[in-house]
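*Asks:* One structure, pasted below without further comment.
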Amino acid sequence: MTSSPSAVAAVPAAPSAAALVHFESAFTFEADCWDVHDAMDRGLQDFVLLDVRSHALYEAGHVPGAMSLPHAKIIESKMAAYAPGTLFVVYCAGPHCNGAHRGAVRLARLGRPVKLMIGGVTGWLDEGFSLEKGAQGG
């Protein structure tokens with residue numbers, strides 16, 4: 001009796017050289033919650049953290065230091081306040097939500113450097129970090 005491979009092994013893994021290129025390139029597109037928190041905690045925040053969910057969800061709980069800018073509102077006139085090379089890090093609710101991807105696409109279309117904070121709010125909380133409530137400060 002011949003057993004068939006699992007769904008995991010049915011498609012062979014990529015050659016190591018291709019896997020290396022793929023996984024190393026992920027760092028150019030993503031930042032994790034721990035690194036974002038560490039940079040902010042150490043005063044090394046060289047990026048703008050954008051919560052791209054609705055203002056209501058932002059007010060209910062957001063990453064401290066994040067700015068509220070729903071992904072549909074990311075337009076050139078709103079970005080004009082930032083220098084052209086400003087790095088934006090976007091997040092949404094978590095891995096079950098594609099809002100951060102939508103925000104990243106809008107920023108990239110505007111020619112803005114952007115990374116996605118993987119895990120979003122869910123990942124932030126999973127790391128043991130707290131959220132802040134309330135409206136965005138002036």
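We name chains A, B, ... following the order of the structure tokens; residues begin at 1 in each chain, and ligands are numbered from 1 as shown.
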Return as a PDB file with all heavy atoms, in the first residue's frame the full set of residues in segment 51-97 of chain A whose backbone-based DSSP assignment is strand (DSSP E or B).
*Replies:*
```pdb
ATOM      1  N   ASP A  51      -2.439  53.783  12.161  1.00  0.00           N
ATOM      2  CA  ASP A  51      -3.555  52.871  12.394  1.00  0.00           C
ATOM      3  C   ASP A  51      -4.543  53.166  11.277  1.00  0.00           C
ATOM      4  O   ASP A  51      -5.113  54.249  11.206  1.00  0.00           O
ATOM      5  CB  ASP A  51      -4.176  53.162  13.760  1.00  0.00           C
ATOM      6  CG  ASP A  51      -5.290  52.213  14.142  1.00  0.00           C
ATOM      7  OD1 ASP A  51      -6.105  51.870  13.258  1.00  0.00           O
ATOM      8  OD2 ASP A  51      -5.363  51.839  15.315  1.00  0.00           O
ATOM      9  N   HIS A  62      -5.823  51.644  20.490  1.00  0.00           N
ATOM     10  CA  HIS A  62      -4.792  51.721  19.459  1.00  0.00           C
ATOM     11  C   HIS A  62      -3.401  51.618  20.084  1.00  0.00           C
ATOM     12  O   HIS A  62      -3.242  51.771  21.291  1.00  0.00           O
ATOM     13  CB  HIS A  62      -4.921  53.025  18.658  1.00  0.00           C
ATOM     14  CG  HIS A  62      -4.790  54.249  19.502  1.00  0.00           C
ATOM     15  ND1 HIS A  62      -5.867  54.829  20.140  1.00  0.00           N
ATOM     16  CD2 HIS A  62      -3.719  55.003  19.839  1.00  0.00           C
ATOM     17  CE1 HIS A  62      -5.460  55.883  20.817  1.00  0.00           C
ATOM     18  NE2 HIS A  62      -4.154  56.004  20.658  1.00  0.00           N
ATOM     19  N   MET A  67      -0.875  57.195  14.718  1.00  0.00           N
ATOM     20  CA  MET A  67      -1.773  58.201  14.161  1.00  0.00           C
ATOM     21  C   MET A  67      -2.952  57.471  13.524  1.00  0.00           C
ATOM     22  O   MET A  67      -2.776  56.408  12.944  1.00  0.00           O
ATOM     23  CB  MET A  67      -1.054  59.028  13.084  1.00  0.00           C
ATOM     24  CG  MET A  67       0.212  59.721  13.558  1.00  0.00           C
ATOM     25  SD  MET A  67      -0.078  60.974  14.804  1.00  0.00           S
ATOM     26  CE  MET A  67      -0.997  62.165  13.871  1.00  0.00           C
ATOM     27  N   SER A  68      -4.121  58.063  13.607  1.00  0.00           N
ATOM     28  CA  SER A  68      -5.310  57.486  12.981  1.00  0.00           C
ATOM     29  C   SER A  68      -5.472  58.047  11.576  1.00  0.00           C
ATOM     30  O   SER A  68      -5.617  59.261  11.394  1.00  0.00           O
ATOM     31  CB  SER A  68      -6.554  57.809  13.815  1.00  0.00           C
ATOM     32  OG  SER A  68      -7.709  57.289  13.195  1.00  0.00           O
ATOM     33  N   PHE A  88       6.459  54.958   6.486  1.00  0.00           N
ATOM     34  CA  PHE A  88       5.202  54.708   7.174  1.00  0.00           C
ATOM     35  C   PHE A  88       5.116  53.228   7.507  1.00  0.00           C
ATOM     36  O   PHE A  88       5.483  52.377   6.699  1.00  0.00           O
ATOM     37  CB  PHE A  88       4.006  55.108   6.298  1.00  0.00           C
ATOM     38  CG  PHE A  88       3.927  56.581   6.065  1.00  0.00           C
ATOM     39  CD1 PHE A  88       4.535  57.158   4.955  1.00  0.00           C
ATOM     40  CD2 PHE A  88       3.274  57.405   6.971  1.00  0.00           C
ATOM     41  CE1 PHE A  88       4.482  58.532   4.751  1.00  0.00           C
ATOM     42  CE2 PHE A  88       3.214  58.771   6.782  1.00  0.00           C
ATOM     43  CZ  PHE A  88       3.828  59.332   5.668  1.00  0.00           C
ATOM     44  N   VAL A  89       4.639  52.940   8.709  1.00  0.00           N
ATOM     45  CA  VAL A  89       4.355  51.563   9.128  1.00  0.00           C
ATOM     46  C   VAL A  89       2.863  51.526   9.409  1.00  0.00           C
ATOM     47  O   VAL A  89       2.366  52.311  10.220  1.00  0.00           O
ATOM     48  CB  VAL A  89       5.176  51.159  10.372  1.00  0.00           C
ATOM     49  CG1 VAL A  89       4.791  49.766  10.834  1.00  0.00           C
ATOM     50  CG2 VAL A  89       6.676  51.244  10.078  1.00  0.00           C
ATOM     51  N   VAL A  90       2.164  50.652   8.718  1.00  0.00           N
ATOM     52  CA  VAL A  90       0.714  50.586   8.824  1.00  0.00           C
ATOM     53  C   VAL A  90       0.284  49.318   9.557  1.00  0.00           C
ATOM     54  O   VAL A  90       0.957  48.297   9.495  1.00  0.00           O
ATOM     55  CB  VAL A  90       0.040  50.639   7.430  1.00  0.00           C
ATOM     56  CG1 VAL A  90       0.311  51.963   6.747  1.00  0.00           C
ATOM     57  CG2 VAL A  90       0.494  49.493   6.546  1.00  0.00           C
ATOM     58  N   TYR A  91      -0.835  49.432  10.262  1.00  0.00           N
ATOM     59  CA  TYR A  91      -1.420  48.248  10.887  1.00  0.00           C
ATOM     60  C   TYR A  91      -2.928  48.367  10.909  1.00  0.00           C
ATOM     61  O   TYR A  91      -3.487  49.460  10.784  1.00  0.00           O
ATOM     62  CB  TYR A  91      -0.863  48.009  12.297  1.00  0.00           C
ATOM     63  CG  TYR A  91      -1.366  48.956  13.359  1.00  0.00           C
ATOM     64  CD1 TYR A  91      -2.536  48.686  14.071  1.00  0.00           C
ATOM     65  CD2 TYR A  91      -0.671  50.112  13.672  1.00  0.00           C
ATOM     66  CE1 TYR A  91      -3.001  49.554  15.055  1.00  0.00           C
ATOM     67  CE2 TYR A  91      -1.121  50.983  14.652  1.00  0.00           C
ATOM     68  CZ  TYR A  91      -2.292  50.701  15.339  1.00  0.00           C
ATOM     69  OH  TYR A  91      -2.746  51.554  16.300  1.00  0.00           O
TER      70      TYR A  91
END
```
*Asks:* Determine which residues of segment 20-124 of chain A DSSP labels as helix (DSSP H, G or I) from the backbone of this structure, then write them out as a ChimeraX atom specification.
*Replies:* /A:20-29,33-41,55-60,71-73,76-79,99-109,120-124
*Asks:* Check the smallest atom-to-atom distance from each of A:Ala135, A:Cys97, A:Val48, A:Val21 to Ile118 of chain A using only C-alpha atoms, then report the winner.
*Replies:*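 That would be A:Cys97, the residue with the smallest distance to Ile118 of chain A.
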*Asks:* What does the structure give for the distance between atom CA of Arg53 of chain A and atom CA of Gly120 of chain A, in Å to one decimal?
*Replies:*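 Computed distance, atom CA of Arg53 of chain A to atom CA of Gly120 of chain A, equals 10.3 Å.
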*Asks:* Point out the residue among A:Val11, A:Thr86, A:Ser16, A:Asn98 with the least atom-to-atom distance to Asp46 of chain A, counting only C-alpha atoms.
*Replies:*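 Closest to Asp46 of chain A of all the choices is A:Thr86.
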*Asks:* When you look at Ala108 of chain A with a cut-off of 12 Å (counting only C-alpha atoms), what residues show up, excluding the ones that are within fewer than 2 positions of it in the same chain? I need them as a PyMOL selection string.
*Replies:* chain A and resi 29+74-76+79+84-90+101-106+110-116
*Asks:* Given the choices A:Leu69, A:Leu107, A:Ala81, A:Val52, which gets closest to Val121 of chain A if the distance is worked out from only C-alpha atoms?
*Replies:*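 Among the listed residues, A:Val52 lies closest to Val121 of chain A.
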*Asks:* Could you state the separation of atom CA of Asp126 of chain A and atom CA of Cys33 of chain A in Å, given to one decimal place?
*Replies:*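 Atom CA of Asp126 of chain A sits 9.2 Å away from atom CA of Cys33 of chain A.
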*Asks:* By how many Å are atom CA of Ala9 of chain A and atom CA of Glu24 of chain A apart?
*Replies:*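 So the answer is 22.7 Å.
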*Asks:* Pick out the residues sitting within 9 Å of His37 of chain A, and hand them over as an NGL selection string; count only C-alpha atoms, and ignore anything fewer than 4 positions along from it in its own chain.
*Replies:* :A and (32-33 or 41-42 or 124 or 129)
